[in-house]
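**Q** Sharing a structure here in structure tokens format.
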Amino acid sequence: MVQNRSVATCIILSIVTCGIYGIYWFVCLTDDANTVSGDVNGTSGVLACVLTIVTCGIYGYYWSYKLGDKINIAKHRQGMQTSNLGIVYLVLFFFGLGIIAYALAQDELNKLAGPQQY
């Protein structure tokens, strides 16, 4: 189940916790993207985080591209208009704006998850 998350709250928590919440957010984004795209064999969030740390961030570039690709697959399945999000996320990561890529991806995942239920 994909959980709607407030983009502003996630950004603030990432800043306030000096990036610790950002790691958790990274894991959640990965798992949610796997869920909405139906990629049951996709790299888990924890493994993606470990690979990013072990490769000194290089895997993060690949991850950002694949995240956009998975979101595009999910949007296509739901009949929504797709765009090349993988390239956008990759460019943002390349210029050190990963938190913006996280925010954009979270916004897309919130749209794919549907209305928030209380």
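Quick note on naming: the chains in the structure tokens go A, B, ... in the order shown, residues restart at 1 in each chain, and ligands are numbered from 1 in order of appearance.
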Please provide the set of residues having any atom within 10 Å of stretch 20-26 of chain A, restricted to only C-alpha atoms, with same-chain residues fewer than 3 positions apart removed, written as a list in words.
**A**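 What passes the distance filter is Arg5, Cys10, Ile11, Ile12, Leu13, Ser14, Ile15, Val16, Thr17, Leu29, Thr30, Asp31, Asp32, Gly45, Val46, Ala48, Cys49, Gly60, Trp63, Gly98, Ile99, Tyr102, Ala103 and Gln106 of chain A.
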**Q** Ranking A:Lys66, A:Val27, A:Ala113, A:Met80 by minimum distance to A:Val50 and counting only C-alpha atoms, which one comes first?
**A**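 So, comparing all the options, the nearest one is A:Val27.
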**Q** Find the spatial neighbours of A:Gln3, counting only C-alpha atoms, within a cut-off of 12 Å - ignore same-chain residues fewer than 6 positions away - and output them as a ChimeraX atom specification.
**A** /A:25,28-29,31-33,35-36,106-118
**Q** Write out as a ChimeraX atom specification the set of residues from chain A that DSSP, computed on the backbone, places in helix (DSSP H, G or I).
**A** /A:7-16,20-37,45-54,58-77,85-94,98-113
**Q** Give me, as JSON, numbers by chain, all polymer residues having an atom no more than 12 Å from A:Val88, counting only C-alpha atoms and skipping those fewer than 3 positions away in the same chain.
**A** {"A": [61, 64, 65, 66, 67, 68, 69, 83, 84, 85, 91, 92, 93, 94, 95, 97, 98, 100, 101, 102, 104, 105]}
